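Okay, structure first, notes after.
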Amino acid sequence: VEAASGTIAFKSGATVLKEMNVSVPACGQVEVYATQIDENGDLMFDDSGDYLYTVDPVDAFTLVWPGSDYRMPVMVDAKCDWEVDVPEWLSVSYSGDAPEKHTGVVTFNFKGEPQKYPLDDATENVVFKYKGQEVHRVAVTIPGCKDRFGFGLDMTLSAWEFNTAGQLM
């Protein structure tokens with residue numbers, strides 16, 4: 001997972017004929033690029049209509065509200081086939097089928113789980129792992145939903161109907 005270096009010794013019996021230094025780059029490298037946000041807090045797009053990602057990798061991002069849900073399109077560039085652990089209020093969704101391997105550049109959405117939106121702002125880590133070992137973490141913030149949603153009743157209803165569990169239908 002981490003970079004390593006060492007020496008290879010070519011021997012004939014106990015005699016060292018030649019030594020060679022070798023090194024292996026880290027394979028557990030994961031970089032996360034979030035979508036750029038404009039001054040209004042809206043996701044930004046390039047001329048082709050694709051998401052415009054940050055130039056540099058990010059260590060933290062905030063989910064945005066583009067209409068009906070909290071989401072953040074991300075681009076992950078990795079040298080390993082990663083797995084990811086996400087907070088309970090977050091899910092991972094791909095525009096198509098999930099790729100078989102997560103090596104190289106993969107794009108997808110981190111998206112809030114509506115049944116589990118927290119009332120107040122919350123920040124937790126998304127943890128990328130390679131073979132069960134943590135290789136990268138990114139802090140993700142979800143804005144509280146208490147200011148996003150409201151509800152009301154139409155008091156002009158002439159009759160109230162309940163189901164067997166006593167819930168208003």
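To be explicit about the labels: the chains of the structure tokens are called A, B, and onward in the order shown, and within each one the residues are counted from 1, while ligands get numbers from 1 in the order they are shown.
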
Exercise for the section: List the neighbours of Met75 of chain A out to 10 Å using only C-alpha atoms; skip same-chain residues closer than 6 positions along the sequence, and give me the result as a PyMOL selection string. Expected result: chain A and resi 31-35+51-54+57+105-109

Practice task
Within 7 Å of segment 5-13 of chain A, counting only C-alpha atoms, which residues show up once you throw out same-chain ones fewer than 4 positions away? Write them as a list of chain:residue names, please.
Solution key: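 Non-adjacent residues within range: A:Leu17, A:Lys18, A:Glu19, A:Met20, A:Asn21, A:Val22, A:Ser23, A:Val24.
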
Problem - Shell around Glu100 of chain A at 12 Å using only C-alpha atoms, local window under 6 positions removed, as number ranges by chain - result: A: 81-83, 106

Exercise for the section: Find, counting only C-alpha atoms, the residue in A:Asp147, A:Asp46, A:Asp69, A:Leu63 that gets nearest to Ala122 of chain A. Expected result: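 The shortest atom-to-atom distance to Ala122 of chain A comes from A:Leu63.
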
Practice task
Would you kindly return, as JSON, numbers by chain, each protein, DNA or RNA residue with an atom no farther than 8 Å from any atom of Gly104 of chain A, considering only C-alpha atoms and excluding same-chain residues fewer than 6 positions away?
Solution key: {"A": [76, 77, 78, 79, 80]}

Given the selection you just returned, output its residues as a file containing N, CA and C atoms, formatted as a compact mmCIF listing (two decimals), in the first residue's frame.
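And here's out_29.txt as it stands now:
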# COMPACT_ATOMS: atom_id res chain seq x y z
N VAL A 76 -12.65 10.51 -8.75
CA VAL A 76 -11.61 9.88 -7.94
C VAL A 76 -10.55 9.31 -8.87
N ASP A 77 -9.30 9.67 -8.59
CA ASP A 77 -8.17 9.15 -9.36
C ASP A 77 -7.35 8.30 -8.39
N ALA A 78 -7.27 7.00 -8.65
CA ALA A 78 -6.65 6.09 -7.69
C ALA A 78 -5.69 5.12 -8.37
N LYS A 79 -4.68 4.73 -7.62
CA LYS A 79 -3.73 3.73 -8.08
C LYS A 79 -4.05 2.36 -7.48
N CYS A 80 -5.21 2.24 -6.88
CA CYS A 80 -5.59 0.95 -6.28
C CYS A 80 -7.09 0.74 -6.46

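Compared by their closest atoms to Arg71 of chain A, and using only C-alpha atoms, the residues A:Ala98, A:Ala3, A:Ala14, A:Leu90 rank with A:Leu90 nearest.
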
Handout entry: Atomic distance atom CA of Phe110 of chain A - atom CA of Pro87 of chain A, expressed in Å with one decimal
Key =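 Separation between atom CA of Phe110 of chain A and atom CA of Pro87 of chain A: 10.5 Å.
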
Practice task
List every residue of chain A that DSSP, applied to the backbone, labels as strand (DSSP E or B), and write the result as a ChimeraX atom specification.
Solution key: /A:4-12,15-24,30-35,37,43,45,51,53,60-62,64,71-78,83-85,90-93,104-112,122-130,133-142,162,168

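Here atom CA of Ser93 of chain A stands at a distance of 17.4 Å from atom CA of Asn125 of chain A.
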
Handout entry: Tyr130 of chain A surroundings by only C-alpha atoms, 12 Å radius, close-in-sequence under 4 positions cut, as an NGL selection string
Key = :A and (1-2 or 26-30 or 78-85 or 101-103 or 134-137)

Any chance you could export the current selection's C-alpha atoms as a compact mmCIF listing (two decimals), in the first residue's frame?
# COMPACT_ATOMS: atom_id res chain seq x y z
CA VAL A 1 0.00 0.00 0.00
CA GLU A 2 2.80 2.42 0.89
CA ALA A 26 2.56 3.60 -3.30
CA CYS A 27 -0.40 1.75 -4.75
CA GLY A 28 -2.79 2.98 -2.06
CA GLN A 29 -3.01 6.48 -3.47
CA VAL A 30 -6.48 8.03 -3.84
CA ALA A 78 -6.65 6.09 -7.69
CA LYS A 79 -3.73 3.73 -8.08
CA CYS A 80 -5.59 0.95 -6.28
CA ASP A 81 -8.94 -0.84 -6.45
CA TRP A 82 -10.55 1.01 -3.55
CA GLU A 83 -13.60 0.35 -1.42
CA VAL A 84 -15.40 3.15 0.40
CA ASP A 85 -17.12 3.54 3.78
CA LYS A 101 -12.64 -2.03 -10.68
CA HIS A 102 -12.09 1.36 -9.07
CA THR A 103 -8.57 1.82 -10.40
CA GLU A 134 -7.44 2.99 5.08
CA VAL A 135 -5.59 4.88 2.35
CA HIS A 136 -7.46 8.20 2.24
CA ARG A 137 -10.23 10.08 4.01
